[in-house]
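So this one's entry-v4.pdb, PDB, C-alpha atoms:
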ATOM      1  CA  MET U  19      48.063  45.603  83.658
ATOM      2  CA  ALA U  20      48.307  42.468  85.712
ATOM      3  CA  ARG U  21      51.630  40.678  85.549
ATOM      4  CA  SER U  22      51.679  37.008  84.923
ATOM      5  CA  CYS U  23      54.443  34.803  86.212
ATOM      6  CA  SER U  24      52.964  31.632  84.859
ATOM      7  CA  SER U  25      55.606  31.298  82.106
ATOM      8  CA  ARG U  26      58.447  31.111  84.626
ATOM      9  CA  PRO U  27      58.867  27.636  86.102
ATOM     10  CA  PRO U  28      59.441  27.406  89.852
ATOM     11  CA  PRO U  29      63.141  27.206  90.760
ATOM     12  CA  ASP U  30      64.377  23.666  91.277
ATOM     13  CA  LYS U  31      66.689  22.568  94.099
ATOM     14  CA  GLU U  32      69.823  23.181  92.038
ATOM     15  CA  ASP U  33      68.722  26.740  91.195
ATOM     16  CA  LEU U  34      68.055  27.463  94.846
ATOM     17  CA  SER U  35      71.401  25.995  95.874
ATOM     18  CA  ASN U  36      73.271  28.057  93.243
ATOM     19  CA  ARG U  37      71.431  31.171  94.326
ATOM     20  CA  SER U  38      72.236  30.451  97.967
ATOM     21  CA  ASN U  39      75.933  30.059  97.036
ATOM     22  CA  LEU U  40      75.865  33.442  95.304
ATOM     23  CA  TYR U  41      74.417  35.073  98.410
ATOM     24  CA  VAL U  42      76.951  33.431 100.744
ATOM     25  CA  GLY U  43      79.808  34.271  98.374
ATOM     26  CA  ARG U  44      78.785  37.898  98.231
ATOM     27  CA  ALA U  45      78.353  38.007 102.015
ATOM     28  CA  GLY U  46      81.882  36.655 102.444
ATOM     29  CA  GLN U  47      83.280  39.242 100.073
ATOM     30  CA  LEU U  48      81.534  42.060 101.942
ATOM     31  CA  ALA U  49      82.664  40.704 105.330
ATOM     32  CA  VAL U  50      86.288  40.701 104.150
ATOM     33  CA  MET U  51      85.915  44.204 102.738
ATOM     34  CA  GLY U  52      84.579  45.284 106.129
ATOM     35  CA  GLU U  53      87.691  43.920 107.852
ATOM     36  CA  PHE U  54      89.940  45.945 105.553
ATOM     37  CA  LEU U  55      87.868  49.084 106.149
ATOM     38  CA  LEU U  56      88.071  48.607 109.916
ATOM     39  CA  ARG U  57      91.844  48.464 109.585
ATOM     40  CA  GLY U  58      91.757  51.804 107.771
ATOM     41  CA  TRP U  59      92.388  50.493 104.259
ATOM     42  CA  ASN U  60      90.171  51.586 101.396
ATOM     43  CA  VAL U  61      88.475  49.004  99.198
ATOM     44  CA  ALA U  62      87.094  48.980  95.661
ATOM     45  CA  LEU U  63      85.158  46.506  93.568
ATOM     46  CA  PRO U  64      85.963  45.973  89.883
ATOM     47  CA  GLU U  65      82.910  46.769  87.739
ATOM     48  CA  VAL U  66      83.469  43.559  85.790
ATOM     49  CA  ASP U  67      84.497  40.397  87.636
ATOM     50  CA  VAL U  68      87.406  38.862  85.754
ATOM     51  CA  GLY U  69      89.342  37.324  88.605
ATOM     52  CA  ASP U  70      90.008  39.919  91.254
ATOM     53  CA  ASP U  71      87.250  40.307  93.822
ATOM     54  CA  VAL U  72      88.505  43.305  95.734
ATOM     55  CA  PHE U  73      91.138  45.972  95.342
ATOM     56  CA  VAL U  74      92.571  47.195  98.628
ATOM     57  CA  VAL U  75      94.201  50.587  98.567
ATOM     58  CA  LYS U  76      96.164  52.631 101.048
ATOM     59  CA  ASP U  77      94.843  56.124 100.522
ATOM     60  CA  GLU U  78      98.191  57.746 101.223
ATOM     61  CA  GLY U  79     100.605  56.649  98.525
ATOM     62  CA  GLY U  80      98.149  54.493  96.611
ATOM     63  CA  ASP U  81      99.664  51.095  97.525
ATOM     64  CA  LEU U  82      97.430  48.527  95.851
ATOM     65  CA  PHE U  83      96.658  44.925  96.782
ATOM     66  CA  ARG U  84      94.639  42.453  94.751
ATOM     67  CA  ILE U  85      92.389  40.213  96.824
ATOM     68  CA  GLN U  86      90.484  37.099  95.851
ATOM     69  CA  VAL U  87      87.847  36.098  98.396
ATOM     70  CA  LYS U  88      86.744  32.475  98.558
ATOM     71  CA  THR U  89      83.731  31.655 100.678
ATOM     72  CA  ALA U  90      82.299  28.372 101.914
ATOM     73  CA  THR U  91      79.794  27.157 104.456
ATOM     74  CA  SER U  92      81.120  24.912 107.207
ATOM     75  CA  LYS U  93      80.299  21.248 107.598
ATOM     76  CA  PRO U  94      80.418  19.783 111.107
ATOM     77  CA  SER U  95      83.051  17.141 111.714
ATOM     78  CA  GLY U  96      83.049  15.892 115.292
ATOM     79  CA  LYS U  97      83.957  18.780 117.597
ATOM     80  CA  SER U  98      85.455  20.689 114.710
ATOM     81  CA  TYR U  99      84.258  21.673 111.242
ATOM     82  CA  THR U 100      85.513  21.648 107.687
ATOM     83  CA  ALA U 101      85.050  23.792 104.587
ATOM     84  CA  GLN U 102      85.904  23.171 100.963
ATOM     85  CA  PHE U 103      87.120  25.766  98.459
ATOM     86  CA  ALA U 104      87.973  25.641  94.748
ATOM     87  CA  ILE U 105      90.739  27.758  93.214
ATOM     88  CA  GLY U 106      91.595  27.966  89.512
ATOM     89  CA  LEU U 107      95.013  26.372  88.961
ATOM     90  CA  SER U 108      95.768  28.782  86.153
ATOM     91  CA  GLN U 109      95.156  31.747  88.460
ATOM     92  CA  LEU U 110      97.244  30.086  91.156
ATOM     93  CA  LYS U 111     100.217  29.859  88.791
ATOM     94  CA  THR U 112      99.900  33.274  87.182
ATOM     95  CA  LEU U 113     102.592  35.685  88.315
ATOM     96  CA  ARG U 114     101.695  39.378  88.256
ATOM     97  CA  THR U 115     102.581  42.630  89.966
ATOM     98  CA  PRO U 116     100.938  43.380  92.320
ATOM     99  CA  ASP U 117     100.427  39.736  93.193
ATOM    100  CA  LEU U 118      97.170  38.192  94.332
ATOM    101  CA  THR U 119      96.257  37.307  97.919
ATOM    102  CA  TYR U 120      93.549  34.784  98.751
ATOM    103  CA  VAL U 121      91.245  35.254 101.721
ATOM    104  CA  PHE U 122      89.278  32.127 102.634
ATOM    105  CA  ALA U 123      86.137  32.931 104.587
ATOM    106  CA  VAL U 124      84.026  30.233 106.203
ATOM    107  CA  ARG U 125      80.509  30.755 107.441
ATOM    108  CA  HIS U 126      80.099  28.681 110.576
ATOM    109  CA  GLY U 127      76.640  28.808 112.131
ATOM    110  CA  SER U 128      75.780  32.459 112.511
ATOM    111  CA  ASN U 129      79.388  33.702 112.528
ATOM    112  CA  TRP U 130      82.405  33.917 110.297
ATOM    113  CA  GLY U 131      85.176  31.499 111.239
ATOM    114  CA  PRO U 132      88.807  32.600 111.205
ATOM    115  CA  TYR U 133      89.979  33.977 107.877
ATOM    116  CA  LEU U 134      92.805  32.147 106.169
ATOM    117  CA  ILE U 135      94.883  34.805 104.439
ATOM    118  CA  ILE U 136      97.537  33.519 102.110
ATOM    119  CA  ALA U 137      99.496  35.052  99.237
ATOM    120  CA  ARG U 138      99.124  33.339  95.873
ATOM    121  CA  ASP U 139     102.758  32.302  95.783
ATOM    122  CA  ALA U 140     102.626  30.883  99.316
ATOM    123  CA  LEU U 141      99.501  28.862  98.515
ATOM    124  CA  ARG U 142     101.118  27.514  95.365
ATOM    125  CA  GLN U 143     104.166  26.551  97.400
ATOM    126  CA  GLU U 144     101.971  24.774  99.949
ATOM    127  CA  HIS U 145     100.312  22.877  97.121
ATOM    128  CA  GLU U 146     103.440  21.951  95.152
ATOM    129  CA  LEU U 147     105.848  21.303  97.999
ATOM    130  CA  TYR U 148     103.604  20.104 100.818
ATOM    131  CA  ARG U 149     100.736  18.591  98.801
ATOM    132  CA  VAL U 150      98.123  20.899 100.238
ATOM    133  CA  GLY U 151      94.852  20.474  98.303
ATOM    134  CA  GLY U 152      94.153  18.251  95.352
ATOM    135  CA  ALA U 153      94.025  19.143  91.667
ATOM    136  CA  SER U 154      90.837  18.302  89.800
ATOM    137  CA  LYS U 155      89.619  19.637  86.445
ATOM    138  CA  GLU U 156      91.965  22.636  86.352
ATOM    139  CA  GLN U 157      91.071  23.492  89.936
ATOM    140  CA  LEU U 158      92.762  23.153  93.268
ATOM    141  CA  ILE U 159      90.302  21.720  95.759
ATOM    142  CA  LEU U 160      91.250  22.889  99.202
ATOM    143  CA  ARG U 161      89.607  21.241 102.198
ATOM    144  CA  LEU U 162      90.299  23.074 105.417
ATOM    145  CA  ALA U 163      89.704  21.704 108.890
ATOM    146  CA  TYR U 164      89.064  24.120 111.742
ATOM    147  CA  GLU U 165      89.631  22.657 115.182
ATOM    148  CA  HIS U 166      90.668  23.954 118.580
ATOM    149  CA  GLY U 167      91.333  27.388 117.112
ATOM    150  CA  ARG U 168      93.708  26.006 114.475
ATOM    151  CA  VAL U 169      93.433  25.516 110.723
ATOM    152  CA  ARG U 170      94.924  22.655 108.737
ATOM    153  CA  SER U 171      94.638  20.967 105.374
ATOM    154  CA  GLY U 172      95.224  17.243 105.685
ATOM    155  CA  LYS U 173      98.155  16.982 108.067
ATOM    156  CA  ARG U 174      99.608  20.326 107.055
ATOM    157  CA  ASP U 175      99.233  23.022 109.701
ATOM    158  CA  LEU U 176      98.170  26.296 108.086
ATOM    159  CA  ASN U 177      97.774  28.232 111.308
ATOM    160  CA  ALA U 178     100.479  30.706 110.306
ATOM    161  CA  PHE U 179      97.983  32.077 107.769
ATOM    162  CA  ARG U 180      95.058  32.206 110.193
ATOM    163  CA  ASN U 181      93.829  35.813 110.444
ATOM    164  CA  ASP U 182      97.212  36.932 109.141
ATOM    165  CA  TRP U 183      96.455  40.597 108.479
ATOM    166  CA  SER U 184     100.109  41.543 109.009
ATOM    167  CA  ARG U 185     100.457  43.060 105.539
ATOM    168  CA  TRP U 186      97.611  45.424 106.360
ATOM    169  CA  PRO U 187      98.395  46.882 109.765
ATOM    170  CA  VAL U 188      95.738  48.997 111.410
ATOM    171  CA  LEU U 189      96.324  52.510 110.148
ATOM    172  CA  ARG U 190      96.288  55.319 112.626
ATOM    173  CA  ASP U 191      93.361  57.745 112.731
ATOM    174  CA  ARG U 192      90.995  55.233 111.135
ATOM    175  CA  GLY U 193      89.257  52.158 112.429
ATOM    176  CA  LYS U 194      90.074  53.407 115.929
ATOM    177  CA  ALA U 195      86.653  53.051 117.436
ATOM    178  CA  VAL U 196      86.293  49.352 116.728
ATOM    179  CA  LYS U 197      88.881  46.667 117.348
ATOM    180  CA  PRO U 198      89.027  44.344 114.346
ATOM    181  CA  THR U 199      89.063  40.593 114.908
TER     182      THR U 199
ATOM    183  CA  MET M  28     117.665  19.475  89.607
ATOM    184  CA  SER M  29     118.877  20.499  86.167
ATOM    185  CA  LYS M  30     118.602  24.256  86.017
ATOM    186  CA  ILE M  31     117.515  27.156  88.123
ATOM    187  CA  VAL M  32     113.951  27.949  87.081
ATOM    188  CA  ILE M  33     112.860  31.560  87.053
ATOM    189  CA  GLU M  34     109.164  32.044  86.467
ATOM    190  CA  VAL M  35     107.877  34.883  84.328
ATOM    191  CA  GLY M  36     104.560  36.676  84.359
ATOM    192  CA  LYS M  37     104.004  39.090  81.515
ATOM    193  CA  GLN M  38     101.580  41.957  81.689
ATOM    194  CA  MET M  39     100.877  45.067  79.628
ATOM    195  CA  ASP M  40     103.336  47.329  81.390
ATOM    196  CA  GLY M  41     106.167  44.899  82.036
ATOM    197  CA  ALA M  42     107.017  41.500  83.423
ATOM    198  CA  THR M  43     107.450  39.912  86.853
ATOM    199  CA  PHE M  44     110.219  37.419  87.623
ATOM    200  CA  ARG M  45     110.443  35.042  90.578
ATOM    201  CA  LEU M  46     112.219  31.808  91.481
ATOM    202  CA  SER M  47     110.008  28.729  91.147
ATOM    203  CA  PRO M  48     109.031  27.129  94.488
ATOM    204  CA  LYS M  49     111.113  24.011  93.772
ATOM    205  CA  THR M  50     114.168  26.037  92.771
ATOM    206  CA  ARG M  51     113.860  28.005  95.968
ATOM    207  CA  VAL M  52     113.894  24.833  98.055
ATOM    208  CA  PHE M  53     116.834  23.498  96.035
ATOM    209  CA  LEU M  54     118.843  26.685  96.490
ATOM    210  CA  SER M  55     118.027  27.104 100.170
ATOM    211  CA  SER M  56     119.785  23.809 100.885
ATOM    212  CA  ARG M  57     122.908  24.827  98.929
ATOM    213  CA  VAL M  58     123.261  28.582  99.101
ATOM    214  CA  LYS M  59     124.138  30.535 102.200
ATOM    215  CA  ASN M  60     122.473  33.925 102.449
ATOM    216  CA  LEU M  61     119.843  33.205  99.832
ATOM    217  CA  PRO M  62     117.823  36.418  99.516
ATOM    218  CA  PRO M  63     114.352  36.231 101.087
ATOM    219  CA  PRO M  64     111.541  35.326  98.675
ATOM    220  CA  SER M  65     111.012  38.239  96.371
ATOM    221  CA  SER M  66     110.072  39.083  92.844
ATOM    222  CA  VAL M  67     111.469  41.585  90.389
ATOM    223  CA  PHE M  68     109.189  43.664  88.199
ATOM    224  CA  VAL M  69     110.688  45.184  85.060
ATOM    225  CA  SER M  70     108.567  48.013  83.743
ATOM    226  CA  ARG M  71     108.272  48.685  80.014
ATOM    227  CA  GLU M  72     106.551  51.712  78.580
ATOM    228  CA  ILE M  73     105.932  49.888  75.304
ATOM    229  CA  PRO M  74     104.409  46.394  75.412
ATOM    230  CA  SER M  75     107.216  43.926  74.619
ATOM    231  CA  ASP M  76     107.433  40.237  73.837
ATOM    232  CA  ILE M  77     108.795  38.233  76.706
ATOM    233  CA  GLU M  78     111.872  37.285  74.634
ATOM    234  CA  GLN M  79     112.890  40.956  74.682
ATOM    235  CA  TYR M  80     113.803  40.561  78.346
ATOM    236  CA  TYR M  81     116.551  38.106  77.382
ATOM    237  CA  VAL M  82     119.254  40.761  77.702
ATOM    238  CA  LEU M  83     118.357  41.148  81.382
ATOM    239  CA  GLY M  84     118.464  37.406  82.086
ATOM    240  CA  ASP M  85     121.847  37.290  83.842
ATOM    241  CA  HIS M  86     121.059  40.314  85.983
ATOM    242  CA  LEU M  87     117.651  38.990  87.011
ATOM    243  CA  ALA M  88     119.087  35.598  87.933
ATOM    244  CA  MET M  89     121.785  37.244  90.036
ATOM    245  CA  ILE M  90     119.290  39.495  91.856
ATOM    246  CA  LEU M  91     116.878  36.661  92.625
ATOM    247  CA  THR M  92     119.496  34.125  93.742
ATOM    248  CA  GLY M  93     122.190  36.396  95.152
ATOM    249  CA  LEU M  94     124.709  34.309  93.193
ATOM    250  CA  GLY M  95     127.423  35.494  90.833
ATOM    251  CA  GLU M  96     127.734  34.553  87.171
ATOM    252  CA  ASN M  97     130.196  31.719  87.804
ATOM    253  CA  ASP M  98     128.141  30.173  90.607
ATOM    254  CA  LEU M  99     125.069  30.225  88.389
ATOM    255  CA  LYS M 100     126.992  28.397  85.675
ATOM    256  CA  LYS M 101     128.271  25.834  88.175
ATOM    257  CA  LEU M 102     124.688  25.071  89.167
ATOM    258  CA  GLY M 103     123.795  24.377  85.529
ATOM    259  CA  GLY M 104     122.556  27.801  84.443
ATOM    260  CA  PHE M 105     118.997  29.012  84.471
ATOM    261  CA  GLU M 106     115.875  29.118  82.376
ATOM    262  CA  PHE M 107     112.886  31.425  82.261
ATOM    263  CA  VAL M 108     109.551  29.643  82.246
ATOM    264  CA  THR M 109     105.916  30.718  82.047
ATOM    265  CA  PRO M 110     104.390  28.745  84.943
ATOM    266  CA  VAL M 111     100.888  28.265  83.553
ATOM    267  CA  ASP M 112     102.006  26.245  80.508
ATOM    268  CA  GLY M 113     105.571  25.344  81.554
ATOM    269  CA  LYS M 114     106.982  26.870  78.367
ATOM    270  CA  VAL M 115     110.676  27.815  78.413
ATOM    271  CA  VAL M 116     110.832  31.343  77.005
ATOM    272  CA  PHE M 117     114.605  31.697  77.146
ATOM    273  CA  GLU M 118     117.574  30.154  78.898
ATOM    274  CA  SER M 119     121.154  30.902  79.753
ATOM    275  CA  THR M 120     123.822  29.839  77.304
ATOM    276  CA  PRO M 121     125.475  26.609  78.443
ATOM    277  CA  ALA M 122     128.911  26.827  80.082
ATOM    278  CA  ARG M 123     131.763  26.047  77.684
TER     279      ARG M 123
END

Whole structure given in structure tokens:
Amino acid sequence: MARSCSSRPPPDKEDLSNRSNLYVGRAGQLAVMGEFLLRGWNVALPEVDVGDDVFVVKDEGGDLFRIQVKTATSKPSGKSYTAQFAIGLSQLKTLRTPDLTYVFAVRHGSNWGPYLIIARDALRQEHELYRVGGASKEQLILRLAYEHGRVRSGKRDLNAFRNDWSRWPVLRDRGKAVKPT
Amino acid sequence: MSKIVIEVGKQMDGATFRLSPKTRVFLSSRVKNLPPPSSVFVSREIPSDIEQYYVLGDHLAMILTGLGENDLKKLGGFEFVTPVDGKVVFESTPAR
């Protein structure tokens, strides 16, 4: 039997944009998962997405980390580029054990820019004490500028969080063949 | 700064306690040897209301600040707050 698609209207620009965002978001999540795997840490995806994007687990001992990946596409700005992310304020303020870590991934051209890796509490501190990001409709809007190998938000230098994988050191016997970024 | 604010996050198997960012800044300017940023998780086998942790309040405040009971009172005491809604769930008794 021949299938007819005539009842489905062609996707409009907004549909295509939303779909593109989903693809980029998923790509960012998978790229971050790949980084953890290369460092020798196991990863798992929750079957239902209710906040946490990725669970990172150390096989020996079962240490567990909760990761929220935020992905954006870069926008050129002179010789540098910027990217904008939205974070739920409620999630940012919610204290749990184990606590959440945000990984901000930016797609710049055909590569991933540096990851900004920041614990929930540290990001909240940056927002409340140093006015990083702006609150709008229950969300923290974070605009990051990437220039000369550094990352900042407004005038605040966030380079200490740039590719800060220090909580997940490369584990011996795994991820040996490839040097992670 | 009126009181030391300790933030609380309740979950099924217990609760997490941590100094609020502003309290931490306040204390770091006044307290020598302030413990590094940390949180305390109190595990409960049976789900409990957050008020049930009241009996541990003094101990939690001392662990998180490194201060003794008298120093805490001198600084105006402490209160436990849920950060999402800013609700005070319990507070230290005022100094007499």

### Task
Can you turn the PyMOL selection byres ((chain M) within 7 of (chain U)) into a concrete residue list for this file, as a count of residues only?
7

### Gap from atom CA of U:Lys93 to atom CA of U:Lys155 - Å, one decimal
23.2 Å

#### Entry: Spatial neighbours of M:Leu94, max dist 12 Å, all atoms listed in the file, sep filter under 4 positions, as a ChimeraX atom specification
/M:31,54,57-62,85-90,98-102,104-105

Kindly save the residues from that selection, with C-alpha atoms included, as a short mmCIF file (atom, residue, chain, number, x, y, z; two decimals), keeping the file's coordinate frame.
data_model
loop_
_atom_site.label_atom_id
_atom_site.label_comp_id
_atom_site.auth_asym_id
_atom_site.auth_seq_id
_atom_site.Cartn_x
_atom_site.Cartn_y
_atom_site.Cartn_z
CA ILE M 31 117.52 27.16 88.12
CA LEU M 54 118.84 26.68 96.49
CA ARG M 57 122.91 24.83 98.93
CA VAL M 58 123.26 28.58 99.10
CA LYS M 59 124.14 30.54 102.20
CA ASN M 60 122.47 33.92 102.45
CA LEU M 61 119.84 33.20 99.83
CA PRO M 62 117.82 36.42 99.52
CA ASP M 85 121.85 37.29 83.84
CA HIS M 86 121.06 40.31 85.98
CA LEU M 87 117.65 38.99 87.01
CA ALA M 88 119.09 35.60 87.93
CA MET M 89 121.78 37.24 90.04
CA ILE M 90 119.29 39.49 91.86
CA ASP M 98 128.14 30.17 90.61
CA LEU M 99 125.07 30.22 88.39
CA LYS M 100 126.99 28.40 85.68
CA LYS M 101 128.27 25.83 88.18
CA LEU M 102 124.69 25.07 89.17
CA GLY M 104 122.56 27.80 84.44
CA PHE M 105 119.00 29.01 84.47
#

### Message
Rounded to one decimal, what separation in Å do you get between atom CA of M:Thr109 and atom CA of U:Asp67?
### Response
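We find that atom CA of M:Thr109 and atom CA of U:Asp67 lie 24.2 Å from each other.
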
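With atom CA of U:Gly167 on one side and atom CA of U:Gly127 on the other, the separation reads 15.6 Å.
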
### Query
Of the candidates U:Trp186, U:Phe54, U:Trp130, U:Tyr120, which shows the shortest atom-to-atom distance to U:Thr91, using only C-alpha atoms?
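Under the stated criterion, the closest residue is U:Trp130.
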
### Task
Compile the contact shell of stretch 71-79 of chain U as a list of chain:residue names: residues with an atom at most 9 Å away, counting only C-alpha atoms, same-chain residues fewer than 3 positions apart removed.
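These residues fall inside the cut-off: U:Gln47, U:Met51, U:Phe54, U:Gly58, U:Trp59, U:Asn60, U:Val61, U:Ala62, U:Leu63, U:Pro64, U:Asp67, U:Val68, U:Leu82, U:Phe83, U:Arg84, U:Ile85, U:Gln86, U:Val87.
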
### Task
Using the chain letters and residue numbers of this document, give as JSON, numbers by chain the residues selected by the PyMOL selection byres ((chain U and resi 121) around 7).
{"U": [86, 87, 88, 119, 120, 122, 123, 133, 134, 135, 136]}

Kindly save the residues from that selection, with C-alpha atoms included, as a CSV table (one decimal), in the coordinates of the input.
chain,number,residue,atom,x,y,z
U,86,GLN,CA,90.5,37.1,95.9
U,87,VAL,CA,87.8,36.1,98.4
U,88,LYS,CA,86.7,32.5,98.6
U,119,THR,CA,96.3,37.3,97.9
U,120,TYR,CA,93.5,34.8,98.8
U,122,PHE,CA,89.3,32.1,102.6
U,123,ALA,CA,86.1,32.9,104.6
U,133,TYR,CA,90.0,34.0,107.9
U,134,LEU,CA,92.8,32.1,106.2
U,135,ILE,CA,94.9,34.8,104.4
U,136,ILE,CA,97.5,33.5,102.1

Can you tell me which residues surround stretch 96-102 of chain U at a distance of at most 10 Å, considering only C-alpha atoms, apart from same-chain residues fewer than 2 positions away, and format the answer as a PDB file with C-alpha atoms, keeping the file's coordinate frame?
ATOM      1  CA  LYS U  88      86.744  32.475  98.558  1.00  0.00           C
ATOM      2  CA  THR U  89      83.731  31.655 100.678  1.00  0.00           C
ATOM      3  CA  ALA U  90      82.299  28.372 101.914  1.00  0.00           C
ATOM      4  CA  THR U  91      79.794  27.157 104.456  1.00  0.00           C
ATOM      5  CA  SER U  92      81.120  24.912 107.207  1.00  0.00           C
ATOM      6  CA  LYS U  93      80.299  21.248 107.598  1.00  0.00           C
ATOM      7  CA  PRO U  94      80.418  19.783 111.107  1.00  0.00           C
ATOM      8  CA  ALA U 104      87.973  25.641  94.748  1.00  0.00           C
ATOM      9  CA  PHE U 122      89.278  32.127 102.634  1.00  0.00           C
ATOM     10  CA  ALA U 123      86.137  32.931 104.587  1.00  0.00           C
ATOM     11  CA  VAL U 124      84.026  30.233 106.203  1.00  0.00           C
ATOM     12  CA  ARG U 125      80.509  30.755 107.441  1.00  0.00           C
ATOM     13  CA  HIS U 126      80.099  28.681 110.576  1.00  0.00           C
ATOM     14  CA  GLY U 131      85.176  31.499 111.239  1.00  0.00           C
ATOM     15  CA  GLY U 151      94.852  20.474  98.303  1.00  0.00           C
ATOM     16  CA  ILE U 159      90.302  21.720  95.759  1.00  0.00           C
ATOM     17  CA  LEU U 160      91.250  22.889  99.202  1.00  0.00           C
ATOM     18  CA  ARG U 161      89.607  21.241 102.198  1.00  0.00           C
ATOM     19  CA  LEU U 162      90.299  23.074 105.417  1.00  0.00           C
ATOM     20  CA  ALA U 163      89.704  21.704 108.890  1.00  0.00           C
ATOM     21  CA  TYR U 164      89.064  24.120 111.742  1.00  0.00           C
ATOM     22  CA  GLU U 165      89.631  22.657 115.182  1.00  0.00           C
ATOM     23  CA  HIS U 166      90.668  23.954 118.580  1.00  0.00           C
ATOM     24  CA  GLY U 167      91.333  27.388 117.112  1.00  0.00           C
ATOM     25  CA  ARG U 168      93.708  26.006 114.475  1.00  0.00           C
ATOM     26  CA  VAL U 169      93.433  25.516 110.723  1.00  0.00           C
ATOM     27  CA  ARG U 170      94.924  22.655 108.737  1.00  0.00           C
ATOM     28  CA  SER U 171      94.638  20.967 105.374  1.00  0.00           C
TER      29      SER U 171
END

### Task
Using the chain letters and numbers from the file, give me the residues hit by the PyMOL selection byres ((chain M and resi 117) around 12), as a list in words.
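Residues picked by the PyMOL selection byres ((chain M and resi 117) around 12): Val32, Ile33, Glu34, Val35, Asp76, Ile77, Glu78, Gln79, Tyr80, Tyr81, Val82, Leu83, Gly84, Asp85, Gly104, Phe105, Glu106, Phe107, Val108, Thr109, Gly113, Lys114, Val115, Val116, Glu118, Ser119 and Thr120 of chain M.
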
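If you measure from each of M:Ser47, M:Gly95, M:Gln38, M:Lys30 to M:Arg71 using only C-alpha atoms, the closest one turns out to be M:Gln38.
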
Centre and size of axis-aligned box enclosing stretch 42-45 of chain U plus 3 Å each side, as AutoDock Vina command-line options:
--center_x 78.4 --center_y 35.7 --center_z 100.1 --size_x 8.9 --size_y 10.6 --size_z 9.8

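For the choices U:Asn129, U:Ile105, U:Val42, U:Gly52, the atom-to-atom distance to U:Glu156 is smallest for U:Ile105 when using all atoms listed in the file.
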